[in-house]
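Enquirer: This structure is in structure tokens; I'll ask about it shortly.
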Amino acid sequence: MQSNGGKKLVWGILASVLVSTMAMFLLSQRASAGTPQDRTDKVQPVHVTPCDGVAGASLDLPSSHDPNNREQALKMARVILAAWMERNPERVEPWKQEEALAMASHPVMGPDQQIKPAASAPEKQPVKFTDRDKLIWNLELKKMVDEGYRLFHSSTALGGTIGISCDMCHPDSSNTHPETYPKFQVQLKKVALLRDMINWCIENPEKGKPLPQDDEKLRAVEAYILSQSKGKALEFGKH
Amino acid sequence: MGRRETQHQEYLTARESYLKQLTSLSRRGFLRVAGIAAASVAATGKIAAHSFQPIEFNFGGESAASSGAAQSVEAPKSFTIAYVSDSHLYEKTLNERFVRAAIKAVADVNALDPQPDFVLFGGDLAQLGQPGELALGKQILDELKPKRYMMVGEHDWYFDMGEKWRELFGKETYSFDHKGVHFVVLQSVIVEDYWTKPNLTPLQRMLAMAQLDNPHGRPFTVGEAQREWLKKDLAAVPKTTPLVVFSHSPLYKYYKAWNFWTDDAEQVQALLAPFKTVTVIHGHTHQMLSNRIGNISFHGMLSTAWPWPYAPQGLPKLTVQMNRADPFDEFDGCGDGSMDVLKSGGVNARYNLWSRNPVSITARYLESGGKVDQPPLAVDSTY
């Protein structure tokens with residue numbers, strides 16, 4: 001596992017080397033050959049040496065080429081990569097495997113590479129957000145839920161003063177029934193939200209001070225409790 | 001005659017008429033009489049729940065039918081024991097609530113009339129195994145009038161691996177005989193070492209053990225050494241001798257995620273199985289909890305500190321759940337209890353739920369697979 005991780009790092013560095021080389025190349029072309037007076041459209045061999053200083057490569061390009069041309073840039077990257085592969089044949093197979101794995105888990109796509117549905121499947125409308133976006137959102141949500149878990153299992157973090165934490169009566173947040181709120185809570189003599197009961201517990205069994213309704217801690221505890229009730233049917237108002 | 005005496009007289013009259021009506025009752029008839037009895041208790045008000053327990057009496061069963069209709073159908077009782085369990089004490093300066101509850105339980109036991117033959121403490125005297133917590137617990141339990149037997153729980157153990165507890169209370173595993181019944185007390189909260197490798201401090205280890213829903217916890221066991229001890233201890237006991245085993249963990253598998261679980265339960269049960277009558281009385285679960293596996297009956301004890309909700313899976317079918325606790329009443333869902341050890345060797349468990357009517361789970365209820373002596377069902381249990 002550790003050597004795999006090390007390899008992954010090496011390939012990661014190599015990939016960034018290739019990309020930065022390509023960018024440098026394109027920039028230098030813009031600087032040296034991009035003036036309007038010098039448009040002879042002569043094909044010139046361009047030699048590039050990546051940052052590893054070993055695997056150099058040559059490519060024939062028209063002198064008037066557009067430095068922002070995606071096709072030419074990709075062509076350049078391919079030539080460099082091919083040269084590197086030639087010099088490092090033993091690394092080719094592992095690199096291909098890593099690449100396939102990376103592309104499968106986090107596909108990086110240009111605007112011209114949108115996923116095309118299979119011919120038989122009905123066409124789907126394009127969506128605004130990718131799986132990667134969802135991954136980021138879920139990581140943010142997990143942070144909040146984890147914080148809620150921490151607070152829920154601490155006898156002091158919510159301001160409790162007598163050693164009692166939420167989980168002592170509610171392991172895995174059981175018997176908190178968040179799916180039943182709001183409901184009339186006869187002991188409070190009003191319709192209560194889940195957060196009102198959390199605050200009641202902080203104030204009474206835990207002997208702390210109730211938190212403001214928009215307190216980050218209160219929000220986090222609420223998030224943790226709800227996370228434990230995923231899939232439960234709403235039982236609005238149930239006692 | 002003072003008001004109190006008048007009340008008592010009313011109570012005795014009601015009780016007598018109740019007992020007279022008890023003979024040859026149908027189930028429906030019993031319920032009616034039980035209603036009258038309950039009303040008489042309610043009317044007299046001040047009578048302690050323990051002094052009059054309609055639910056203790058069996059009815060309509062084989063023993064009553066075969067031994068003649070005119071007899072009382074109370075299961076012949078040999079003696080009574082009481083319990084207090086799971087007090088989870090912090091030091092008094094931090095938390096008075098659990099101290100109040102433990103003192104209340106001691107007062108309950110001391111008020112039992114007649115007094116029980118002895119009282120069992122069911123483990124988890126302390127919350128974090130601190131010497132001060134255990135010493136406070138001892139101070140409170142020393143007020144108990146009946147003879148006391150102690151059992152250890154994980155909250156007493158994992159700060160100093162039982163050192164202070166042993167100093168205060170002696171051995172954690174032992175057995176004794178009482179009026180023809182063999183009693184065994186186990187240390188059933190042994191878990192494999194998961195604290196040495198990550199270098200946990202004693203307090204970190206204790207806190208990890210104290211978290212019921214700890215996803216990194218390990219299941220309780222009785223362990224090989226203690227099973228060997230039990231095997232030897234039981235070898236000297238005739239198989240017809242009634243056996244009562246006290247264990248903090250339930251000695252069966254209920255819900256692993258909360259360690260309502262004993263991992264080597266089957267091996268321990270196999271040692272108990274050859275005996276004619278076996279009852280396991282356990283702590284840790286803080287709820288009305290009943291089970292029957294083979295010929296072994298299981299009774300869970302109430303906590304004085306707080307009730308646990310029922311676990312989402314694995315609840316034994318014979319368990320009569322208790323209604324959800326009212327969080328606005330600090331004693332609701334908590335309590336103590338007593339056990340009648342019957343001449344047959346079986347055990348009738350009485351849950352003395354504070355703020356509620358007491359509930360009895362009889363030996364016959366468990367032995368019959370729930371066909372007789374059905375206790376009132378929960379209207380609204382935890383979920």
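Just remember, in the structure tokens the first chain shown is A, the second B, etc., residues are 1-based per chain, and ligands are 1-based in the order shown.
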Which residues of chain A sit at most 10 Å from chain B, using only C-alpha atoms? Give each one's shortest atom pair and distance in Å (one decimal place), in chain and ascending residue order, as a Markdown table.
Expert:
```
| residue | atom | partner | partner_atom | distance |
| --- | --- | --- | --- | --- |
| A:His153 | CA | B:Gln211 | CA | 8.1 |
| A:Thr161 | CA | B:Leu94 | CA | 7.5 |
| A:Ile162 | CA | B:Asn95 | CA | 4.9 |
| A:Gly163 | CA | B:Asn95 | CA | 6.9 |
| A:Ile164 | CA | B:Asn95 | CA | 8.7 |
| A:Asp167 | CA | B:Asp213 | CA | 7.7 |
| A:Met168 | CA | B:Leu212 | CA | 7.6 |
| A:Cys169 | CA | B:Trp308 | CA | 5.9 |
| A:His170 | CA | B:Pro309 | CA | 7.1 |
| A:Pro171 | CA | B:Asp213 | CA | 5.4 |
| A:Asp172 | CA | B:Asp213 | CA | 6.0 |
| A:Ser173 | CA | B:Asp213 | CA | 9.3 |
| A:Ser174 | CA | B:Pro309 | CA | 6.9 |
| A:Asn175 | CA | B:Tyr383 | CA | 5.5 |
| A:Thr176 | CA | B:Tyr383 | CA | 8.5 |
| A:His177 | CA | B:Tyr383 | CA | 7.5 |
| A:Gln187 | CA | B:Phe328 | CA | 7.3 |
| A:Leu188 | CA | B:Phe328 | CA | 9.7 |
| A:Trp200 | CA | B:Phe328 | CA | 9.5 |
| A:Cys201 | CA | B:Pro327 | CA | 8.5 |
| A:Asn204 | CA | B:Phe328 | CA | 8.4 |
| A:Pro205 | CA | B:Glu330 | CA | 8.0 |
| A:Glu206 | CA | B:Asn95 | CA | 9.8 |
| A:Lys207 | CA | B:Asn95 | CA | 9.8 |
| A:His239 | CA | B:Asp380 | CA | 9.0 |
```
Enquirer: Leaving out Met322 in chain B and any residue of its chain fewer than 4 positions from it, which residues lie within 8 Å of it when counting only C-alpha atoms, given as a ChimeraX atom specification?
Expert: /B:287-288,333,377-378,380-381
Enquirer: Would you mind exporting the chosen residues as a compact mmCIF listing (two decimals), in the first residue's frame, restricted to N, CA and C atoms?
Expert:
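Written out: part30.txt:
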```txt
# COMPACT_ATOMS: atom_id res chain seq x y z
N GLN B 287 -33.53 -1.01 31.61
CA GLN B 287 -34.90 -1.06 31.06
C GLN B 287 -35.56 -2.36 31.50
N MET B 288 -36.88 -2.40 31.41
CA MET B 288 -37.57 -3.67 31.62
C MET B 288 -37.20 -4.57 30.45
N GLY B 333 -39.01 6.14 34.50
CA GLY B 333 -38.25 5.13 33.75
C GLY B 333 -37.09 4.55 34.55
N LEU B 377 -49.17 -4.28 28.52
CA LEU B 377 -48.24 -3.92 27.45
C LEU B 377 -48.00 -2.41 27.41
N ALA B 378 -46.88 -2.04 26.83
CA ALA B 378 -46.56 -0.61 26.68
C ALA B 378 -47.50 0.00 25.65
N ASP B 380 -46.72 3.09 24.52
CA ASP B 380 -45.87 4.02 23.79
C ASP B 380 -44.43 3.78 24.23
N SER B 381 -43.79 2.77 23.64
CA SER B 381 -42.41 2.49 24.05
C SER B 381 -41.45 3.34 23.23
```
Enquirer: Quick one: residues within 6 Å of Asp336 in chain B, only C-alpha atoms counted, chain neighbours fewer than 4 positions away excluded, as a count of residues only?
Expert: 3
Enquirer: Rounded to one decimal place, report the CA of Cys334 in chain B-CA of Trp354 in chain B distance in Å.
Expert: 6.0 Å
Enquirer: Of the candidates A:Leu74, A:Glu123, A:Gly208, A:Trp95, which one gets nearest to Ser165 in chain A if we count only C-alpha atoms?
Expert: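 Closest residue, counting only C-alpha atoms: A:Gly208.
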